[in-house]
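Undergrad: You'll find protein-v8.cif just under this line, and it carries mmCIF, C-alpha atoms.
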```
data_input
loop_
_atom_site.label_atom_id
_atom_site.label_comp_id
_atom_site.auth_asym_id
_atom_site.auth_seq_id
_atom_site.Cartn_x
_atom_site.Cartn_y
_atom_site.Cartn_z
CA MET A 1 -3.23 6.44 -11.46
CA ALA A 2 -5.83 6.75 -8.70
CA ARG A 3 -7.83 3.65 -7.95
CA GLU A 4 -11.27 3.26 -6.48
CA ALA A 5 -12.53 0.41 -4.36
CA ALA A 6 -15.35 -1.73 -5.70
CA GLY A 7 -18.90 -0.46 -5.34
CA ARG A 8 -21.38 -1.44 -2.69
CA PRO A 9 -21.15 -5.17 -1.98
CA PRO A 10 -24.14 -7.42 -2.62
CA GLU A 11 -26.76 -7.81 0.08
CA GLU A 12 -25.55 -11.35 0.75
CA THR A 13 -22.17 -9.97 1.78
CA LEU A 14 -23.74 -7.35 4.01
CA SER A 15 -25.85 -10.02 5.68
CA LEU A 16 -22.73 -12.07 6.37
CA TRP A 17 -21.01 -9.01 7.83
CA LYS A 18 -24.00 -8.31 10.07
CA ARG A 19 -24.00 -11.89 11.33
CA GLU A 20 -20.29 -11.76 12.05
CA GLN A 21 -20.72 -8.49 13.95
CA ALA A 22 -23.51 -10.01 16.02
CA LEU A 23 -21.46 -13.10 16.86
CA LEU A 24 -18.36 -11.12 17.81
CA ARG A 25 -20.36 -8.48 19.71
CA ALA A 26 -21.37 -11.17 22.18
CA ARG A 27 -17.69 -11.51 23.10
CA VAL A 28 -17.12 -7.84 23.93
CA VAL A 29 -16.13 -7.21 27.56
CA THR A 30 -17.11 -3.75 28.84
CA ARG A 31 -15.46 -3.95 32.26
CA ASP A 32 -11.89 -3.61 33.49
CA THR A 33 -9.97 -6.87 33.24
CA GLU A 34 -6.36 -5.84 33.95
CA ALA A 35 -4.73 -5.01 37.29
CA TRP A 36 -3.32 -1.70 36.02
CA GLN A 37 -6.84 -0.51 35.17
CA ARG A 38 -7.88 -0.72 38.80
CA ASP A 39 -5.04 1.51 39.98
CA PRO A 40 -5.85 5.26 40.01
CA ALA A 41 -2.37 6.03 38.66
CA PHE A 42 -2.39 3.13 36.18
CA SER A 43 0.61 1.59 37.93
CA GLY A 44 1.75 -1.40 35.94
CA LEU A 45 0.85 0.12 32.59
CA ARG A 46 4.06 0.35 30.58
CA ARG A 47 3.04 0.26 26.90
CA VAL A 48 0.16 1.83 25.00
CA GLY A 49 -0.49 1.28 21.31
CA GLY A 50 -2.17 3.24 18.55
CA VAL A 51 -3.34 2.29 15.06
CA ASP A 52 -4.21 4.26 11.96
CA VAL A 53 -4.91 3.81 8.25
CA SER A 54 -3.98 6.65 5.88
CA PHE A 55 -4.70 6.90 2.17
CA VAL A 56 -2.99 8.59 -0.74
CA LYS A 57 -5.15 11.49 -1.84
CA GLY A 58 -7.41 10.44 -4.67
CA ASP A 59 -6.75 6.72 -4.18
CA SER A 60 -9.22 4.78 -2.06
CA VAL A 61 -7.40 1.47 -2.50
CA SER A 62 -3.74 2.05 -1.67
CA ALA A 63 -3.24 2.78 2.02
CA CYS A 64 -0.69 2.66 4.79
CA ALA A 65 -1.62 0.69 7.89
CA SER A 66 0.31 1.82 10.93
CA LEU A 67 0.81 0.43 14.43
CA VAL A 68 2.90 2.23 17.03
CA VAL A 69 3.73 1.34 20.61
CA LEU A 70 4.60 4.06 23.11
CA SER A 71 6.00 3.88 26.61
CA TYR A 72 3.71 4.96 29.41
CA PRO A 73 3.63 7.47 31.01
CA ALA A 74 6.56 9.00 29.07
CA LEU A 75 4.79 8.50 25.71
CA GLU A 76 7.99 7.81 23.79
CA VAL A 77 7.73 5.70 20.64
CA LEU A 78 9.20 2.24 21.21
CA TYR A 79 8.05 0.48 18.05
CA GLU A 80 6.46 1.30 14.72
CA ASP A 81 5.18 -0.80 11.85
CA CYS A 82 4.05 0.82 8.60
CA ARG A 83 2.96 -1.28 5.65
CA MET A 84 1.38 -0.45 2.30
CA VAL A 85 -1.81 -2.44 1.77
CA SER A 86 -4.58 -2.68 -0.81
CA LEU A 87 -8.06 -2.26 0.63
CA THR A 88 -10.37 -3.67 -1.99
CA ALA A 89 -13.51 -3.85 0.15
CA PRO A 90 -15.59 -0.70 -0.33
CA TYR A 91 -16.55 1.65 2.46
CA VAL A 92 -20.05 0.91 3.74
CA SER A 93 -21.46 2.85 6.69
CA GLY A 94 -21.48 0.65 9.77
CA PHE A 95 -18.96 -1.82 8.33
CA LEU A 96 -15.67 0.10 8.32
CA ALA A 97 -13.90 -2.74 10.13
CA PHE A 98 -14.35 -5.11 7.19
CA ARG A 99 -12.43 -2.65 5.04
CA GLU A 100 -9.58 -1.60 7.31
CA LEU A 101 -9.29 -4.11 10.12
CA PRO A 102 -7.48 -7.04 8.43
CA SER A 103 -4.33 -4.97 7.89
CA LEU A 104 -4.37 -3.76 11.52
CA VAL A 105 -4.88 -7.26 12.92
CA ASP A 106 -1.93 -8.39 10.77
CA ALA A 107 0.22 -5.61 12.23
CA VAL A 108 -0.60 -6.68 15.78
CA GLN A 109 0.18 -10.30 14.90
CA ARG A 110 3.54 -9.36 13.39
CA LEU A 111 4.45 -7.54 16.58
CA ARG A 112 3.32 -10.48 18.69
CA GLU A 113 5.61 -12.76 16.69
CA LYS A 114 8.61 -10.45 16.25
CA GLU A 115 8.78 -8.40 19.45
CA PRO A 116 6.41 -9.95 22.01
CA HIS A 117 8.00 -7.98 24.84
CA LEU A 118 6.78 -4.78 23.13
CA MET A 119 3.14 -5.83 22.86
CA PRO A 120 0.88 -2.97 23.98
CA GLN A 121 -1.24 -3.50 27.06
CA VAL A 122 -4.00 -1.40 25.52
CA LEU A 123 -4.76 -0.06 22.02
CA LEU A 124 -6.24 3.33 21.21
CA VAL A 125 -8.18 3.24 17.96
CA ASP A 126 -9.10 6.12 15.65
CA GLY A 127 -12.81 5.28 15.59
CA ASN A 128 -15.66 4.07 17.76
CA GLY A 129 -16.31 1.13 20.02
CA VAL A 130 -19.82 0.47 21.35
CA LEU A 131 -20.83 3.92 20.08
CA HIS A 132 -21.90 2.40 16.78
CA HIS A 133 -24.94 1.46 14.68
CA GLN A 134 -24.66 -2.18 15.72
CA GLY A 135 -22.93 -1.48 19.03
CA PHE A 136 -19.78 -2.97 17.54
CA GLY A 137 -17.42 -0.44 16.01
CA VAL A 138 -13.87 -0.91 14.82
CA ALA A 139 -12.41 -0.62 18.37
CA CYS A 140 -14.63 -3.48 19.55
CA HIS A 141 -13.82 -5.56 16.49
CA LEU A 142 -10.06 -5.07 16.86
CA GLY A 143 -10.19 -5.81 20.57
CA VAL A 144 -12.07 -9.07 20.16
CA LEU A 145 -9.86 -10.31 17.31
CA THR A 146 -6.58 -9.45 19.07
CA ASP A 147 -7.78 -10.11 22.65
CA LEU A 148 -6.35 -6.75 23.71
CA PRO A 149 -8.02 -3.97 25.70
CA CYS A 150 -9.16 -1.37 23.16
CA ILE A 151 -10.52 2.16 23.39
CA GLY A 152 -12.41 3.95 20.65
CA VAL A 153 -11.41 7.59 20.19
CA ALA A 154 -13.38 9.42 17.49
CA LYS A 155 -13.08 13.04 16.44
CA LYS A 156 -16.65 13.34 15.20
CA LEU A 157 -19.93 12.27 16.74
CA LEU A 158 -21.42 9.19 15.14
CA GLN A 159 -25.13 9.98 15.23
CA VAL A 160 -26.75 6.79 16.47
CA ASP A 161 -29.53 5.96 18.96
CA GLY A 162 -30.88 9.50 18.78
CA LEU A 163 -27.53 11.22 19.36
CA GLU A 164 -27.30 14.33 17.20
CA ASN A 165 -24.81 17.10 16.69
CA ASN A 166 -27.56 19.63 17.24
CA ALA A 167 -27.80 22.92 19.13
CA ARG A 168 -28.22 21.16 22.47
CA HIS A 169 -25.13 19.05 21.86
CA LYS A 170 -23.12 22.11 20.82
CA GLU A 171 -24.19 23.92 23.99
CA LYS A 172 -22.87 21.01 26.08
CA ILE A 173 -19.57 21.29 24.21
CA ARG A 174 -19.45 25.00 24.94
CA LEU A 175 -19.78 24.29 28.67
CA LEU A 176 -16.64 22.12 28.67
CA GLN A 177 -14.16 24.47 30.29
CA ALA A 178 -10.91 22.63 31.03
CA GLY A 179 -9.01 19.62 29.79
CA GLY A 180 -10.56 16.53 31.33
CA ASP A 181 -14.13 17.89 31.39
CA THR A 182 -16.71 15.46 30.00
CA PHE A 183 -20.38 14.84 29.44
CA PRO A 184 -22.09 11.48 28.80
CA LEU A 185 -23.44 10.44 25.43
CA MET A 186 -26.80 8.97 26.34
CA GLY A 187 -28.91 7.58 23.52
CA ASP A 188 -32.68 7.42 23.27
CA SER A 189 -32.43 3.86 24.59
CA GLY A 190 -31.14 5.22 27.89
CA ALA A 191 -27.73 3.60 27.37
CA ILE A 192 -24.58 5.67 27.87
CA LEU A 193 -22.67 4.89 24.69
CA GLY A 194 -19.59 6.98 25.42
CA MET A 195 -18.29 10.27 26.73
CA ALA A 196 -17.49 13.57 25.08
CA LEU A 197 -14.07 14.60 26.39
CA LYS A 198 -12.29 17.95 26.24
CA SER A 199 -8.87 16.37 25.92
CA HIS A 200 -6.75 19.50 26.16
CA ASP A 201 -7.18 22.92 27.75
CA HIS A 202 -6.82 24.63 24.37
CA SER A 203 -8.91 22.27 22.22
CA THR A 204 -12.25 23.59 21.01
CA LYS A 205 -13.65 20.27 19.80
CA PRO A 206 -14.17 17.25 22.05
CA LEU A 207 -13.17 13.67 21.44
CA TYR A 208 -15.80 10.95 21.58
CA VAL A 209 -14.49 8.12 23.73
CA SER A 210 -16.18 4.74 23.88
CA VAL A 211 -15.44 1.27 25.18
CA GLY A 212 -13.87 -1.10 22.69
CA HIS A 213 -13.01 -4.22 24.66
CA LYS A 214 -11.77 -5.22 28.12
CA VAL A 215 -12.00 -1.74 29.62
CA SER A 216 -14.59 0.33 31.45
CA LEU A 217 -15.74 3.69 30.11
CA GLU A 218 -14.35 5.49 33.17
CA VAL A 219 -10.86 4.05 32.62
CA ALA A 220 -11.10 4.61 28.86
CA VAL A 221 -11.76 8.31 29.40
CA ARG A 222 -9.05 8.78 32.04
CA LEU A 223 -6.41 6.97 30.00
CA THR A 224 -7.28 8.85 26.83
CA ARG A 225 -6.92 12.14 28.67
CA SER A 226 -3.59 11.10 30.18
CA CYS A 227 -2.24 10.29 26.71
CA CYS A 228 -3.04 13.72 25.25
CA ARG A 229 -0.22 16.21 24.72
CA PHE A 230 -2.39 17.83 22.08
CA ARG A 231 -6.04 17.23 21.22
CA ILE A 232 -5.43 13.75 19.78
CA PRO A 233 -4.03 11.07 22.13
CA GLU A 234 -0.37 10.49 21.38
CA PRO A 235 -0.61 6.81 20.32
CA VAL A 236 -3.19 7.63 17.62
CA ARG A 237 -1.41 10.86 16.72
CA GLN A 238 1.93 9.12 16.22
CA ALA A 239 0.36 6.32 14.16
CA ASP A 240 -1.21 8.97 11.93
CA ILE A 241 1.97 11.04 11.59
CA ARG A 242 4.13 8.03 10.77
CA SER A 243 1.72 6.51 8.27
CA ARG A 244 1.48 9.83 6.42
CA ASP A 245 5.24 10.24 6.49
CA TYR A 246 5.71 6.72 5.12
CA ILE A 247 3.36 7.44 2.21
CA ARG A 248 5.14 10.70 1.42
CA ARG A 249 8.53 9.00 1.38
CA ILE A 250 7.55 6.07 -0.79
CA LEU A 251 5.73 8.30 -3.26
CA GLY A 252 8.98 10.19 -3.66
CA ASP A 253 10.89 6.94 -4.29
CA PRO A 254 10.81 5.43 -7.80
CA ARG A 255 11.12 2.02 -6.17
CA ARG A 256 7.71 2.35 -4.59
CA PRO A 257 6.90 -0.63 -2.36
CA ALA A 258 4.12 -2.88 -3.54
CA PRO A 259 1.22 -3.58 -1.19
CA GLY A 260 2.46 -5.90 1.52
CA GLN A 261 5.86 -4.26 1.89
CA GLU A 262 6.41 -2.93 5.37
CA ARG A 263 8.61 -0.90 7.59
CA GLY A 264 8.55 -2.45 11.00
CA ARG A 265 11.18 -1.67 13.55
CA LYS A 266 12.05 -1.07 17.12
CA VAL A 267 12.67 2.63 17.54
CA GLN A 268 16.07 3.44 18.98
CA LYS A 269 15.74 7.21 19.28
CA PRO A 270 12.10 8.11 19.81
CA ASP A 271 10.73 11.12 17.95
CA VAL A 272 7.59 11.58 19.95
CA CYS A 273 6.34 14.67 18.20
CA PRO A 274 7.51 16.94 15.38
CA LYS A 275 9.83 19.77 16.28
CA GLY A 276 7.86 22.84 17.17
CA GLY A 277 4.49 21.49 18.24
CA SER A 278 2.91 24.84 17.42
CA GLU A 279 3.50 24.18 13.71
CA GLU A 280 1.06 21.27 13.58
CA HIS A 281 -1.95 21.62 11.34
CA THR A 282 -5.24 19.79 11.38
CA VAL A 283 -7.00 18.61 8.26
CA GLU A 284 -10.50 17.19 8.83
CA GLY A 285 -9.53 16.79 12.48
CA ARG A 286 -6.39 14.79 11.72
CA LEU A 287 -2.97 16.10 12.63
CA GLU A 288 -0.71 16.83 9.71
CA THR A 289 2.90 17.92 9.77
CA PRO A 290 4.24 20.27 7.11
CA SER A 291 5.85 18.36 4.27
CA PRO A 292 6.76 19.09 0.65
CA GLY A 293 5.50 15.65 -0.40
CA PRO A 294 2.03 14.68 -1.55
CA ARG A 295 -0.74 15.23 0.94
CA THR A 296 -2.59 12.27 2.28
CA HIS A 297 -6.07 12.18 3.63
CA PRO A 298 -7.82 9.95 6.11
CA LYS A 299 -10.33 7.24 5.40
CA ALA A 300 -11.75 7.19 1.91
CA PRO A 301 -14.17 7.89 0.44
CA ASP A 302 -15.51 9.96 3.37
CA PRO A 303 -12.70 11.58 5.39
CA GLY A 304 -15.09 12.49 8.20
CA THR A 305 -16.33 8.97 8.76
CA GLN A 306 -15.30 7.22 11.95
CA GLU A 307 -16.73 3.96 13.17
#
```
Just dump the structure as structure tokens.
TA:
Amino acid sequence: MAREAAGRPPEETLSLWKREQALLRARVVTRDTEAWQRDPAFSGLRRVGGVDVSFVKGDSVSACASLVVLSYPALEVLYEDCRMVSLTAPYVSGFLAFRELPSLVDAVQRLREKEPHLMPQVLLVDGNGVLHHQGFGVACHLGVLTDLPCIGVAKKLLQVDGLENNARHKEKIRLLQAGGDTFPLMGDSGAILGMALKSHDHSTKPLYVSVGHKVSLEVAVRLTRSCCRFRIPEPVRQADIRSRDYIRRILGDPRRPAPGQERGRKVQKPDVCPKGGSEEHTVEGRLETPSPGPRTHPKAPDPGTQE
């Protein structure tokens, strides 16, 4: 039976969340801090991570939190951790991290304890960093709590500080000709909050890249581009694929794992992408592989929301 998260939390809770965001925002580092970031070829970067949360269609409580670690630059999956979780906090615009982040922080901590030699040197997050209502999106939040460099990679424009997906914005998108082309996302405040990136020669929609933590915007954009075999950077893409696959498999198993049960393992034979990349489909901007099992959808209750 489908379950729904609780309704909007009381104003006292929202006030606490705002205060926590403000306190943690002061700890965000928006410059390069690692030696590999200062090398044009990213020499020294060996492992990149990606995280994702996928839901069962029609159920906004049961979800699969996924963390993957890929080699760099080969982009082969070295490690994956998928775990069913219950997300009881409701979705509130501007506060997505309070709903989804605890399960992702737990996944990073499990990796740190179990396989510390596989810890990613940077995390790519399906969402925004400083491109956010409070300047502190899920990529910033995850970076501060894990002390890892983080990059926000969103598929839709979060309309903040005067940024709008209007005719002028669409014309700028149209002028992006080749993979790697960009234009800055400058708000009414005059701050550059991120970059719109044409991540692949054949993609028609840009990605919206923003700083999460311990990385400059220039490096965030270049690394995101270098991780793209398709439109979505491979770490995020693999986290999405594997979380969806995990949900499909457990829904087909009468011994369905309860929330808290995980699949975490070092990958012996990497399966970097599904056979026949041309058979991939996108649903609401997320990559989906053909499967006879139940379909999953992204963040509930609004699949298009990314913070």
Undergrad: What gap, in Å, lies between CA of Leu96 in chain A and CA of Gly162 in chain A?
TA: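 Here the two named atoms are 20.7 Å from each other.
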Undergrad: May I have the residues within 12 Å of Ala22 in chain A as a PyMOL selection string, using all atoms listed in the file and disregarding those fewer than 2 positions away in the same chain?
TA: chain A and resi 15-20+24-28+133-137+140-141
Undergrad: Given the file shown, enumerate the residues that the PyMOL selection byres ((chain A and resi 33-48) around 6) captures and present them as a PDB file with C-alpha atoms, in the frame of the given file.
TA:
```pdb
ATOM      1  CA  ASP A  32     -11.890  -3.610  33.490  1.00  0.00           C
ATOM      2  CA  GLY A  49      -0.490   1.280  21.310  1.00  0.00           C
ATOM      3  CA  VAL A  69       3.730   1.340  20.610  1.00  0.00           C
ATOM      4  CA  LEU A  70       4.600   4.060  23.110  1.00  0.00           C
ATOM      5  CA  SER A  71       6.000   3.880  26.610  1.00  0.00           C
ATOM      6  CA  TYR A  72       3.710   4.960  29.410  1.00  0.00           C
ATOM      7  CA  PRO A 120       0.880  -2.970  23.980  1.00  0.00           C
ATOM      8  CA  GLN A 121      -1.240  -3.500  27.060  1.00  0.00           C
ATOM      9  CA  VAL A 122      -4.000  -1.400  25.520  1.00  0.00           C
ATOM     10  CA  LYS A 214     -11.770  -5.220  28.120  1.00  0.00           C
TER      11      LYS A 214
END
```
Undergrad: As an exercise, work out the distance from CA of Lys170 in chain A to CA of Phe183 in chain A in Å and give it to one decimal place.
TA: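 Between these atoms lies a distance of 11.6 Å.
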Undergrad: Go through range 161-223 of chain A residue by residue and, counting all atoms listed in the file, keep those with an atom at most 9 Å from range 227-233 of chain A; for each kept residue give the shortest atom pair and its distance in Å to one decimal, ordered by chain and increasing number, as CSV.
TA:
```
residue,atom,partner,partner_atom,distance
A:Lys198,CA,A:Arg231,CA,8.0
A:Ser199,CA,A:Arg231,CA,5.6
A:His200,CA,A:Arg231,CA,5.5
A:Asp201,CA,A:Arg231,CA,8.7
A:His202,CA,A:Arg231,CA,8.1
A:Ser203,CA,A:Arg231,CA,5.9
A:Thr204,CA,A:Arg231,CA,8.9
A:Lys205,CA,A:Arg231,CA,8.3
A:Pro206,CA,A:Arg231,CA,8.2
A:Leu207,CA,A:Ile232,CA,7.9
A:Arg222,CA,A:Cys227,CA,8.8
A:Leu223,CA,A:Cys227,CA,6.3
```
